[in-house]
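What follows is start13.txt (compact mmCIF, C-alpha atoms).
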```
# COMPACT_ATOMS: atom_id res chain seq x y z
CA MET A 1 0.00 0.00 0.00
CA LYS A 2 2.82 2.35 1.00
CA ILE A 3 4.62 1.73 -2.27
CA LYS A 4 1.40 2.51 -4.20
CA ILE A 5 1.04 5.82 -2.36
CA ILE A 6 4.68 6.73 -3.03
CA ILE A 7 4.30 5.88 -6.74
CA PHE A 8 1.11 7.96 -6.87
CA PHE A 9 2.88 11.02 -5.42
CA ILE A 10 5.89 10.58 -7.70
CA MET A 11 3.59 10.45 -10.74
CA LEU A 12 1.69 13.49 -9.49
CA SER A 13 4.87 15.53 -9.01
CA LEU A 14 6.12 14.51 -12.46
CA ASN A 15 2.84 15.70 -13.98
CA PHE A 16 3.14 19.04 -12.21
CA ALA A 17 6.74 19.42 -13.37
CA ASN A 18 5.72 18.69 -16.98
CA ALA A 19 2.83 21.13 -16.86
CA GLU A 20 5.13 23.82 -15.50
CA THR A 21 7.76 23.45 -18.24
CA LYS A 22 5.03 23.52 -20.92
CA THR A 23 3.61 26.78 -19.56
CA ILE A 24 7.04 28.35 -19.34
CA GLU A 25 7.84 27.34 -22.92
CA GLN A 26 4.47 28.62 -24.14
CA GLN A 27 4.93 31.98 -22.47
CA LYS A 28 8.44 32.30 -23.88
CA ILE A 29 7.16 31.64 -27.41
CA PHE A 30 4.15 33.98 -27.00
CA LYS A 31 6.47 36.76 -25.81
CA ASN A 32 8.70 36.41 -28.86
CA LEU A 33 5.75 36.62 -31.28
CA ARG A 34 4.51 39.99 -32.46
CA CYS A 35 0.76 40.63 -32.52
CA LEU A 36 0.45 41.82 -36.12
CA ILE A 37 -2.72 43.83 -35.60
CA CYS A 38 -1.78 45.45 -32.27
CA GLN A 39 0.39 48.48 -31.59
CA GLY A 40 3.67 47.27 -30.11
CA GLN A 41 2.21 44.27 -28.28
CA SER A 42 3.38 40.70 -28.23
CA VAL A 43 0.99 37.77 -28.62
CA ALA A 44 1.45 37.15 -24.87
CA ASP A 45 0.22 40.66 -24.00
CA SER A 46 -2.72 40.78 -26.39
CA ASN A 47 -6.25 39.39 -26.25
CA SER A 48 -7.06 40.24 -29.86
CA GLU A 49 -8.64 37.62 -32.12
CA PHE A 50 -5.33 37.21 -33.94
CA ALA A 51 -3.33 36.70 -30.73
CA LEU A 52 -5.88 34.20 -29.38
CA THR A 53 -5.72 32.19 -32.61
CA ILE A 54 -1.91 32.17 -32.64
CA LYS A 55 -1.91 31.00 -28.99
CA LEU A 56 -4.18 28.08 -29.95
CA VAL A 57 -1.95 27.14 -32.88
CA VAL A 58 1.24 27.34 -30.79
CA ARG A 59 -0.34 25.21 -28.02
CA ASP A 60 -1.37 22.60 -30.61
CA GLN A 61 2.11 22.50 -32.07
CA ILE A 62 3.70 22.14 -28.61
CA ASN A 63 1.34 19.24 -27.91
CA GLU A 64 2.31 17.70 -31.25
CA GLY A 65 5.89 17.75 -29.96
CA LYS A 66 7.24 20.46 -32.25
CA SER A 67 10.30 22.37 -31.08
CA GLU A 68 10.40 26.11 -30.45
CA LYS A 69 12.40 26.61 -33.66
CA GLU A 70 9.96 24.56 -35.74
CA ILE A 71 7.05 26.66 -34.43
CA TYR A 72 8.86 29.91 -35.29
CA ASN A 73 9.74 28.60 -38.76
CA PHE A 74 6.12 27.64 -39.43
CA LEU A 75 4.86 31.09 -38.44
CA ILE A 76 7.65 32.88 -40.34
CA GLU A 77 6.66 30.91 -43.46
CA LYS A 78 3.06 32.12 -43.07
CA TYR A 79 3.55 35.69 -41.82
CA GLY A 80 7.15 36.57 -42.62
CA GLU A 81 10.11 37.40 -40.36
CA TRP A 82 8.13 40.34 -38.93
CA ILE A 83 6.16 38.03 -36.65
CA VAL A 84 9.17 37.21 -34.46
CA TYR A 85 10.75 39.83 -32.24
CA LYS A 86 14.11 38.11 -32.35
CA PRO A 87 14.89 37.56 -36.03
CA SER A 88 17.02 34.62 -37.08
CA LEU A 89 20.53 35.18 -38.37
CA ASN A 90 20.59 35.55 -42.16
CA LYS A 91 22.63 37.26 -44.88
CA THR A 92 20.66 40.51 -44.71
CA ASN A 93 21.07 41.03 -40.98
CA PHE A 94 24.35 39.30 -40.15
CA LEU A 95 26.09 42.70 -39.76
CA LEU A 96 23.62 43.69 -37.04
CA TRP A 97 24.45 40.51 -35.15
CA PHE A 98 28.23 40.74 -35.50
CA LEU A 99 28.87 44.48 -35.54
CA PRO A 100 28.69 44.94 -31.74
CA TYR A 101 31.32 42.22 -31.27
CA LEU A 102 33.44 43.72 -34.06
CA VAL A 103 33.23 47.23 -32.56
CA PHE A 104 34.03 45.78 -29.14
CA ALA A 105 37.09 43.94 -30.49
CA VAL A 106 38.42 46.83 -32.57
CA GLY A 107 37.74 49.31 -29.73
CA GLY A 108 39.59 47.04 -27.32
CA LEU A 109 42.53 46.81 -29.73
CA ILE A 110 42.68 50.61 -30.06
CA ILE A 111 42.59 51.12 -26.27
CA PHE A 112 45.19 48.40 -25.79
CA SER A 113 47.57 49.90 -28.37
CA LEU A 114 47.07 53.43 -26.96
CA LEU A 115 47.86 52.22 -23.46
CA LYS A 116 50.91 50.35 -24.70
CA LYS A 117 52.12 53.42 -26.57
CA ARG A 118 51.72 55.53 -23.42
CA GLU A 119 53.67 52.97 -21.39
CA ASP A 120 56.50 52.95 -23.95
CA THR A 121 56.83 56.75 -23.87
CA MET B 1 47.46 55.13 -35.17
CA LYS B 2 45.39 58.31 -35.17
CA LYS B 3 44.60 57.70 -38.82
CA ILE B 4 43.24 54.24 -38.02
CA ILE B 5 41.05 55.63 -35.23
CA LYS B 6 39.74 58.39 -37.52
CA LEU B 7 39.01 55.88 -40.27
CA PHE B 8 37.28 53.53 -37.83
CA VAL B 9 35.10 56.33 -36.43
CA LEU B 10 34.27 57.53 -39.96
CA ILE B 11 33.22 54.03 -41.07
CA LEU B 12 31.10 53.64 -37.94
CA VAL B 13 29.36 56.99 -38.48
CA ILE B 14 28.66 56.18 -42.16
CA PHE B 15 27.31 52.77 -41.14
CA ILE B 16 24.99 54.23 -38.48
CA ILE B 17 23.69 56.91 -40.89
CA GLY B 18 23.17 54.18 -43.51
CA ILE B 19 21.19 52.03 -41.07
CA PHE B 20 18.98 55.01 -40.11
CA PHE B 21 18.48 55.93 -43.76
CA ILE B 22 17.38 52.41 -44.74
CA SER B 23 15.26 51.82 -41.62
CA LEU B 24 13.42 55.14 -41.75
CA ASN B 25 12.56 54.60 -45.40
CA ASN B 26 11.18 51.13 -44.71
CA SER B 27 7.45 50.82 -44.18
CA THR B 28 6.74 49.48 -40.70
CA ARG B 29 3.26 48.39 -41.72
CA TYR B 30 2.94 44.67 -41.98
CA ASP B 31 1.82 43.19 -45.27
CA THR B 32 1.76 39.72 -46.70
CA LYS B 33 3.31 40.45 -50.09
CA GLY B 34 5.92 37.81 -49.26
CA LEU B 35 3.27 35.11 -49.59
CA VAL B 36 2.68 35.83 -53.28
CA GLY B 37 4.44 33.16 -55.32
CA GLN B 38 4.32 30.61 -52.50
CA LYS B 39 2.51 27.35 -53.01
CA ILE B 40 -0.34 26.23 -50.78
CA LYS B 41 0.68 22.84 -49.44
CA LYS B 42 -1.73 20.94 -47.30
CA ILE B 43 -5.14 22.18 -46.29
CA SER B 44 -8.05 20.55 -44.54
CA LEU B 45 -11.16 22.63 -44.10
CA ASP B 46 -14.50 21.41 -42.74
CA TYR B 47 -17.43 21.88 -45.08
CA PHE B 48 -19.98 24.31 -43.69
CA SER B 49 -22.94 21.91 -43.59
CA GLU B 50 -21.67 18.47 -44.53
CA ASN B 51 -19.40 16.26 -42.49
CA LYS B 52 -16.67 16.29 -45.13
CA LYS B 53 -13.25 17.86 -45.60
CA PHE B 54 -12.18 20.22 -48.35
CA THR B 55 -8.53 19.58 -49.23
CA GLU B 56 -5.87 20.77 -51.66
CA VAL B 57 -6.97 18.01 -54.06
CA ASP B 58 -10.31 19.80 -54.48
CA LEU B 59 -8.48 23.07 -55.20
CA LYS B 60 -6.49 21.48 -58.03
CA LYS B 61 -9.73 20.86 -59.96
CA ASN B 62 -10.16 24.60 -60.61
CA ASN B 63 -8.23 26.79 -63.03
CA TYR B 64 -8.37 29.66 -60.58
CA THR B 65 -9.76 29.79 -57.06
CA LEU B 66 -10.49 32.80 -54.91
CA ILE B 67 -10.39 31.80 -51.26
CA ASN B 68 -12.42 34.32 -49.30
CA PHE B 69 -12.36 34.54 -45.49
CA TRP B 70 -15.52 36.12 -44.15
CA ALA B 71 -17.92 36.26 -41.21
CA SER B 72 -21.40 37.62 -40.61
CA TRP B 73 -20.08 39.83 -37.79
CA CYS B 74 -17.57 41.51 -40.11
CA GLY B 75 -18.83 44.84 -41.48
CA PRO B 76 -16.41 45.20 -44.42
CA CYS B 77 -17.43 41.69 -45.59
CA ARG B 78 -20.79 43.20 -46.54
CA ASP B 79 -19.04 45.85 -48.66
CA GLU B 80 -17.11 43.31 -50.72
CA HIS B 81 -20.03 40.91 -51.15
CA ILE B 82 -21.34 42.59 -54.28
CA PHE B 83 -17.98 42.02 -56.01
CA LEU B 84 -17.92 38.38 -54.89
CA LEU B 85 -21.37 37.91 -56.43
CA LYS B 86 -20.11 39.40 -59.69
CA LEU B 87 -16.99 37.19 -59.60
CA SER B 88 -19.12 34.09 -59.03
CA LYS B 89 -20.39 34.50 -62.60
CA GLU B 90 -16.88 34.09 -64.03
CA LYS B 91 -16.45 30.66 -65.65
CA ASN B 92 -12.72 30.43 -65.11
CA LEU B 93 -12.91 31.11 -61.39
CA LYS B 94 -14.31 29.17 -58.44
CA LEU B 95 -15.01 30.78 -55.10
CA LEU B 96 -14.15 29.03 -51.87
CA GLY B 97 -15.71 30.66 -48.84
CA VAL B 98 -14.18 30.14 -45.40
CA ASN B 99 -16.59 31.20 -42.69
CA PHE B 100 -14.34 32.47 -39.91
CA LYS B 101 -15.16 32.16 -36.18
CA ASP B 102 -18.86 32.60 -36.79
CA LYS B 103 -22.21 31.27 -35.60
CA LYS B 104 -23.88 28.98 -38.11
CA ASN B 105 -27.31 30.68 -37.98
CA ASN B 106 -25.83 34.15 -38.39
CA ALA B 107 -23.71 33.00 -41.33
CA LEU B 108 -26.71 31.42 -43.04
CA LYS B 109 -28.78 34.56 -42.51
CA PHE B 110 -25.97 36.66 -44.01
CA LEU B 111 -25.95 34.48 -47.15
CA ASN B 112 -29.75 34.41 -47.37
CA ASP B 113 -29.92 38.19 -47.16
CA LEU B 114 -27.04 39.05 -49.49
CA GLY B 115 -26.80 35.98 -51.73
CA ASN B 116 -24.37 33.06 -51.81
CA PRO B 117 -21.46 33.58 -54.21
CA TYR B 118 -19.48 30.51 -53.11
CA ASP B 119 -19.02 27.33 -55.13
CA ASN B 120 -17.77 25.65 -51.97
CA LEU B 121 -18.45 26.82 -48.45
CA THR B 122 -16.30 25.75 -45.53
CA LYS B 123 -15.85 26.89 -41.96
CA ASP B 124 -13.00 27.60 -39.58
CA GLU B 125 -14.65 27.76 -36.19
CA LEU B 126 -11.51 28.35 -34.13
CA GLY B 127 -9.54 30.25 -36.77
CA LYS B 128 -6.67 27.76 -36.61
CA GLN B 129 -6.88 26.68 -40.26
CA SER B 130 -6.65 30.29 -41.39
CA VAL B 131 -3.14 30.52 -39.97
CA ASN B 132 -2.08 28.10 -42.73
CA PHE B 133 -3.08 30.81 -45.21
CA GLY B 134 -1.33 33.64 -43.35
CA ILE B 135 -4.65 35.28 -42.42
CA TYR B 136 -4.50 37.89 -39.67
CA GLY B 137 -7.86 39.63 -39.98
CA ILE B 138 -10.94 39.41 -42.12
CA PRO B 139 -12.03 39.93 -44.79
CA GLU B 140 -9.04 38.57 -46.65
CA SER B 141 -8.92 36.83 -50.00
CA ILE B 142 -6.32 34.77 -51.79
CA LEU B 143 -6.27 34.15 -55.53
CA ILE B 144 -4.56 30.92 -56.50
CA ASP B 145 -4.07 29.03 -59.75
CA LYS B 146 -4.33 25.33 -60.65
CA GLU B 147 -0.84 24.69 -59.32
CA LEU B 148 -1.95 26.16 -55.96
CA VAL B 149 0.46 29.08 -56.33
CA ILE B 150 -0.69 32.27 -54.61
CA LEU B 151 -1.11 34.90 -57.35
CA LYS B 152 -2.50 37.69 -55.24
CA LYS B 153 -3.49 38.31 -51.64
CA PHE B 154 -6.09 40.90 -50.75
CA THR B 155 -6.20 42.13 -47.19
CA GLY B 156 -9.39 44.00 -46.39
CA PRO B 157 -12.53 44.04 -48.52
CA ILE B 158 -12.31 43.44 -52.28
CA SER B 159 -12.64 46.81 -53.99
CA GLU B 160 -13.73 47.75 -57.51
CA LYS B 161 -10.03 47.93 -58.45
CA ASP B 162 -9.33 44.48 -56.97
CA PHE B 163 -12.35 43.11 -58.80
CA ARG B 164 -11.01 44.39 -62.15
CA ASN B 165 -7.55 43.09 -61.25
CA ILE B 166 -8.89 39.57 -60.54
CA LYS B 167 -10.87 39.60 -63.80
CA SER B 168 -7.81 40.55 -65.81
CA ILE B 169 -5.67 37.84 -64.16
CA ILE B 170 -8.16 35.01 -64.77
CA LYS B 171 -8.65 36.00 -68.40
CA LYS B 172 -4.94 35.57 -69.20
```

What is this file in structure tokens?
Amino acid sequence: MKIKIIIFFIMLSLNFANAETKTIEQQKIFKNLRCLICQGQSVADSNSEFALTIKLVVRDQINEGKSEKEIYNFLIEKYGEWIVYKPSLNKTNFLLWFLPYLVFAVGGLIIFSLLKKREDT
Amino acid sequence: MKKIIKLFVLILVIFIIGIFFISLNNSTRYDTKGLVGQKIKKISLDYFSENKKFTEVDLKKNNYTLINFWASWCGPCRDEHIFLLKLSKEKNLKLLGVNFKDKKNNALKFLNDLGNPYDNLTKDELGKQSVNFGIYGIPESILIDKELVILKKFTGPISEKDFRNIKSIIKK
């Protein structure tokens, strides 16, 4: 009997843990999706018809076992890159992704060489 | 060294001005022009009254199909209805109606009052199927050919100009 009770509680806790990760994942995806008919709102923030539909579709796809990336790709195919707040890396925006690192590296090099020059003199 | 710093700063300033120039000239309004030229892959829509599914196989039977998303609660859908009725007389074009998040009785009353232009009438009660077509509000219409390639997408009600445009495309 004791073993049955322990198994029951283990199963229950596992279910809760699963439910929690699903909600977190859902919220993360909703927050990264733009509500196309709202002014500056994400799907997570909006209760518009469009946002409600997208939430249903995302939930379905999570239940079907699709990954976050697959869900984004599906929606990008239907609505374009504009639907995601964090665009994927591609040839048109690669400079925007790498420029901060480049500026940081070159800036560091300049500071380093200036400091070295000052030390030498 | 100073020359390198000057050059670096100059390049950075030109780059930032360039980014501003391009970004400020870009329209921030969303449109679905990107969908034109894409092929509709798999669809499965419930028929409005019968317990059957309308699929991409049914679409391939038509030379041209205008897929129209509408609802009885949508005001602009009433405005475009007259053009849909006119288009329903075109031999080369079939009209597929997708009743969007609507109540059956209201939808039927809408069609009884204004006329039924659709060759096939389906429904999307939860709006989930419409996502497959990149729909984000209604009315919206999509003109496709036999190969299921999207030729034109109309967001908002079909206007007189759109009506003429559709007629000229299907006569080619």

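If we count all atoms listed in the file, these residues of chain A sit within 8 Å of chain B: A:Leu36, A:Ile37, A:Phe50, A:Thr53, A:Ile54, A:Leu56, A:Val57, A:Lys78, A:Tyr79, A:Gly80, A:Trp82, A:Ile110.
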
Those residues with C-alpha atoms, as a PDB file, in the coordinates of the input please?
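To be explicit, this is the file written out as part.pdb:
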```
ATOM      1  CA  LEU A  36       0.450  41.820 -36.120  1.00  0.00           C
ATOM      2  CA  ILE A  37      -2.720  43.830 -35.600  1.00  0.00           C
ATOM      3  CA  PHE A  50      -5.330  37.210 -33.940  1.00  0.00           C
ATOM      4  CA  THR A  53      -5.720  32.190 -32.610  1.00  0.00           C
ATOM      5  CA  ILE A  54      -1.910  32.170 -32.640  1.00  0.00           C
ATOM      6  CA  LEU A  56      -4.180  28.080 -29.950  1.00  0.00           C
ATOM      7  CA  VAL A  57      -1.950  27.140 -32.880  1.00  0.00           C
ATOM      8  CA  LYS A  78       3.060  32.120 -43.070  1.00  0.00           C
ATOM      9  CA  TYR A  79       3.550  35.690 -41.820  1.00  0.00           C
ATOM     10  CA  GLY A  80       7.150  36.570 -42.620  1.00  0.00           C
ATOM     11  CA  TRP A  82       8.130  40.340 -38.930  1.00  0.00           C
ATOM     12  CA  ILE A 110      42.680  50.610 -30.060  1.00  0.00           C
TER      13      ILE A 110
END
```

(message) Under the rule that all atoms listed in the file are counted, which of B:Ile43, B:Leu108, B:Ile166, B:Leu87 is the nearest residue to Lys152 (chain B)?
(response)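 Nearest candidate to Lys152 (chain B) out of B:Ile43, B:Leu108, B:Ile166, B:Leu87: B:Ile166.
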
(message) Measuring between all atoms listed in the file, which one of B:Ala71, B:Ile22, B:Leu151, B:Leu10 shows the shortest distance to Asp124 (chain B)?
(response)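 Distance minimum relative to Asp124 (chain B) lands on B:Ala71.
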
(request) One decimal, Å: what's the distance from CA of Thr121 (chain A) over to CA of Gly107 (chain A), could you say? (result)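 Atom-to-atom, CA of Thr121 (chain A) and CA of Gly107 (chain A) are spaced 21.3 Å apart.
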
(message) What's the separation between CA of Val98 (chain B) and CA of Ile67 (chain B), in Å to one decimal place?
(response)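 Atom-to-atom, CA of Val98 (chain B) to CA of Ile67 (chain B), that is 7.2 Å.
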
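Checking B:Glu125, B:Gly115, B:Val57, B:Phe15 one by one against Leu95 (chain A), counting all atoms listed in the file, you find the shortest gap at B:Phe15.
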
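Nearest to Asn93 (chain A) of all the residues A:Glu81, A:Glu70, A:Asp60, A:Glu119 is A:Glu81, counting only C-alpha atoms.
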
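One finds CA of Phe54 (chain B) at 13.5 Å from CA of Ile40 (chain B).
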
(request) Tell me which protein, DNA and RNA residues are within 8 Å of Lys123 (chain B), counting only C-alpha atoms, leaving out same-chain ones fewer than 2 positions away, and put them as a VMD selection string. (result) chain B and resid 45 to 48 97 to 101 121 125

May I have the centre and edge lengths, in Å to one decimal, of an axis-aligned box around the listed atoms of region 86-101 of chain A with 4 Å added to every side, as AutoDock Vina command-line options?
```
--center_x 22.7 --center_y 39.8 --center_z -38.1 --size_x 25.2 --size_y 18.3 --size_z 21.6
```

(request) List every protein, DNA or RNA residue that has an atom no more than 7 Å from (-12.1, 34.7, -66.9) in the file's coordinate frame, counting all atoms listed in the file, and report them as a list in words. (result)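 I get Glu90, Lys91, Asn92, Leu93, Lys167, Ile170 and Lys171 of chain B for the residues within 7 Å of that point.
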
(message) For a quick check of understanding, using all atoms listed in the file, which of A:Leu109, A:Val84, A:Leu114, A:Ile7 has the smallest distance to Gln41 (chain A)?
(response)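 Checking each of A:Leu109, A:Val84, A:Leu114, A:Ile7 against Gln41 (chain A), counting all atoms listed in the file, the winner is A:Val84.
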
(message) Given all atoms listed in the file as the basis, pick out the residue of B:Lys104, B:Phe163, B:Val36, B:Phe154 nearest to Ser88 (chain B).
(response) B:Phe163

(message) Neighbouring residues of Asp162 (chain B) were defined as those with any atom within 12 Å, considering only C-alpha atoms; residues of the same chain fewer than 6 positions away were excluded. Please report them as number ranges by chain.
(response) B: 66, 80, 83-84, 87, 140-143, 152-156, 168-169

(request) Give me the residues within 9 Å of region 59-61 of chain B as an MDAnalysis selection string, counting all atoms listed in the file and dropping any in the same chain fewer than 5 places off. (result) chainID B and resid 54 96 144:148

Reconstruct N, CA and C atoms of region 144-171 of chain B from the incomplete input and present them as an mmCIF file, in the coordinates of the input.
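File written: result-v2.cif
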```cif
data_model
loop_
_atom_site.group_PDB
_atom_site.id
_atom_site.type_symbol
_atom_site.label_atom_id
_atom_site.label_comp_id
_atom_site.auth_asym_id
_atom_site.auth_seq_id
_atom_site.Cartn_x
_atom_site.Cartn_y
_atom_site.Cartn_z
ATOM 1 N N ILE B 144 -5.557 31.932 -56.164
ATOM 2 C CA ILE B 144 -4.560 30.920 -56.500
ATOM 3 C C ILE B 144 -4.871 30.293 -57.860
ATOM 4 N N ASP B 145 -3.846 29.696 -58.461
ATOM 5 C CA ASP B 145 -4.070 29.030 -59.750
ATOM 6 C C ASP B 145 -4.163 27.516 -59.556
ATOM 7 N N LYS B 146 -4.182 26.807 -60.677
ATOM 8 C CA LYS B 146 -4.330 25.330 -60.650
ATOM 9 C C LYS B 146 -3.191 24.649 -59.901
ATOM 10 N N GLU B 147 -2.015 25.272 -59.984
ATOM 11 C CA GLU B 147 -0.840 24.690 -59.320
ATOM 12 C C GLU B 147 -0.791 25.052 -57.833
ATOM 13 N N LEU B 148 -1.815 25.719 -57.362
ATOM 14 C CA LEU B 148 -1.950 26.160 -55.960
ATOM 15 C C LEU B 148 -0.947 27.251 -55.586
ATOM 16 N N VAL B 149 -0.457 27.967 -56.595
ATOM 17 C CA VAL B 149 0.460 29.080 -56.330
ATOM 18 C C VAL B 149 -0.369 30.334 -56.036
ATOM 19 N N ILE B 150 0.034 31.047 -54.972
ATOM 20 C CA ILE B 150 -0.690 32.270 -54.610
ATOM 21 C C ILE B 150 -0.330 33.369 -55.615
ATOM 22 N N LEU B 151 -1.343 33.862 -56.336
ATOM 23 C CA LEU B 151 -1.110 34.900 -57.350
ATOM 24 C C LEU B 151 -1.276 36.287 -56.741
ATOM 25 N N LYS B 152 -2.193 36.385 -55.817
ATOM 26 C CA LYS B 152 -2.500 37.690 -55.240
ATOM 27 C C LYS B 152 -3.143 37.486 -53.876
ATOM 28 N N LYS B 153 -2.838 38.397 -52.964
ATOM 29 C CA LYS B 153 -3.490 38.310 -51.640
ATOM 30 C C LYS B 153 -4.119 39.673 -51.363
ATOM 31 N N PHE B 154 -5.378 39.650 -51.013
ATOM 32 C CA PHE B 154 -6.090 40.900 -50.750
ATOM 33 C C PHE B 154 -6.419 40.981 -49.266
ATOM 34 N N THR B 155 -5.835 41.938 -48.595
ATOM 35 C CA THR B 155 -6.200 42.130 -47.190
ATOM 36 C C THR B 155 -7.227 43.258 -47.148
ATOM 37 N N GLY B 156 -8.290 43.029 -46.404
ATOM 38 C CA GLY B 156 -9.390 44.000 -46.390
ATOM 39 C C GLY B 156 -10.388 43.638 -47.466
ATOM 40 N N PRO B 157 -11.483 44.402 -47.555
ATOM 41 C CA PRO B 157 -12.530 44.040 -48.520
ATOM 42 C C PRO B 157 -12.072 44.210 -49.967
ATOM 43 N N ILE B 158 -12.607 43.362 -50.835
ATOM 44 C CA ILE B 158 -12.310 43.440 -52.280
ATOM 45 C C ILE B 158 -12.940 44.733 -52.802
ATOM 46 N N SER B 159 -12.131 45.538 -53.465
ATOM 47 C CA SER B 159 -12.640 46.810 -53.990
ATOM 48 C C SER B 159 -12.934 46.663 -55.489
ATOM 49 N N GLU B 160 -13.448 47.716 -56.058
ATOM 50 C CA GLU B 160 -13.730 47.750 -57.510
ATOM 51 C C GLU B 160 -12.432 47.470 -58.291
ATOM 52 N N LYS B 161 -11.339 48.090 -57.794
ATOM 53 C CA LYS B 161 -10.030 47.930 -58.450
ATOM 54 C C LYS B 161 -9.556 46.472 -58.356
ATOM 55 N N ASP B 162 -9.726 45.883 -57.165
ATOM 56 C CA ASP B 162 -9.330 44.480 -56.970
ATOM 57 C C ASP B 162 -10.155 43.569 -57.873
ATOM 58 N N PHE B 163 -11.444 43.899 -57.967
ATOM 59 C CA PHE B 163 -12.350 43.110 -58.800
ATOM 60 C C PHE B 163 -11.870 43.094 -60.253
ATOM 61 N N ARG B 164 -11.508 44.296 -60.756
ATOM 62 C CA ARG B 164 -11.010 44.390 -62.150
ATOM 63 C C ARG B 164 -9.686 43.634 -62.294
ATOM 64 N N ASN B 165 -8.860 43.757 -61.262
ATOM 65 C CA ASN B 165 -7.550 43.090 -61.250
ATOM 66 C C ASN B 165 -7.726 41.558 -61.330
ATOM 67 N N ILE B 166 -8.637 41.031 -60.537
ATOM 68 C CA ILE B 166 -8.890 39.570 -60.540
ATOM 69 C C ILE B 166 -9.392 39.140 -61.918
ATOM 70 N N LYS B 167 -10.310 39.938 -62.481
ATOM 71 C CA LYS B 167 -10.870 39.600 -63.800
ATOM 72 C C LYS B 167 -9.784 39.552 -64.866
ATOM 73 N N SER B 168 -8.862 40.527 -64.789
ATOM 74 C CA SER B 168 -7.810 40.550 -65.810
ATOM 75 C C SER B 168 -6.841 39.369 -65.617
ATOM 76 N N ILE B 169 -6.593 38.969 -64.395
ATOM 77 C CA ILE B 169 -5.670 37.840 -64.160
ATOM 78 C C ILE B 169 -6.283 36.535 -64.681
ATOM 79 N N ILE B 170 -7.565 36.305 -64.390
ATOM 80 C CA ILE B 170 -8.160 35.010 -64.770
ATOM 81 C C ILE B 170 -8.466 34.919 -66.264
ATOM 82 N N LYS B 171 -8.395 36.042 -66.948
ATOM 83 C CA LYS B 171 -8.650 36.000 -68.400
ATOM 84 C C LYS B 171 -7.375 35.726 -69.188
#
```
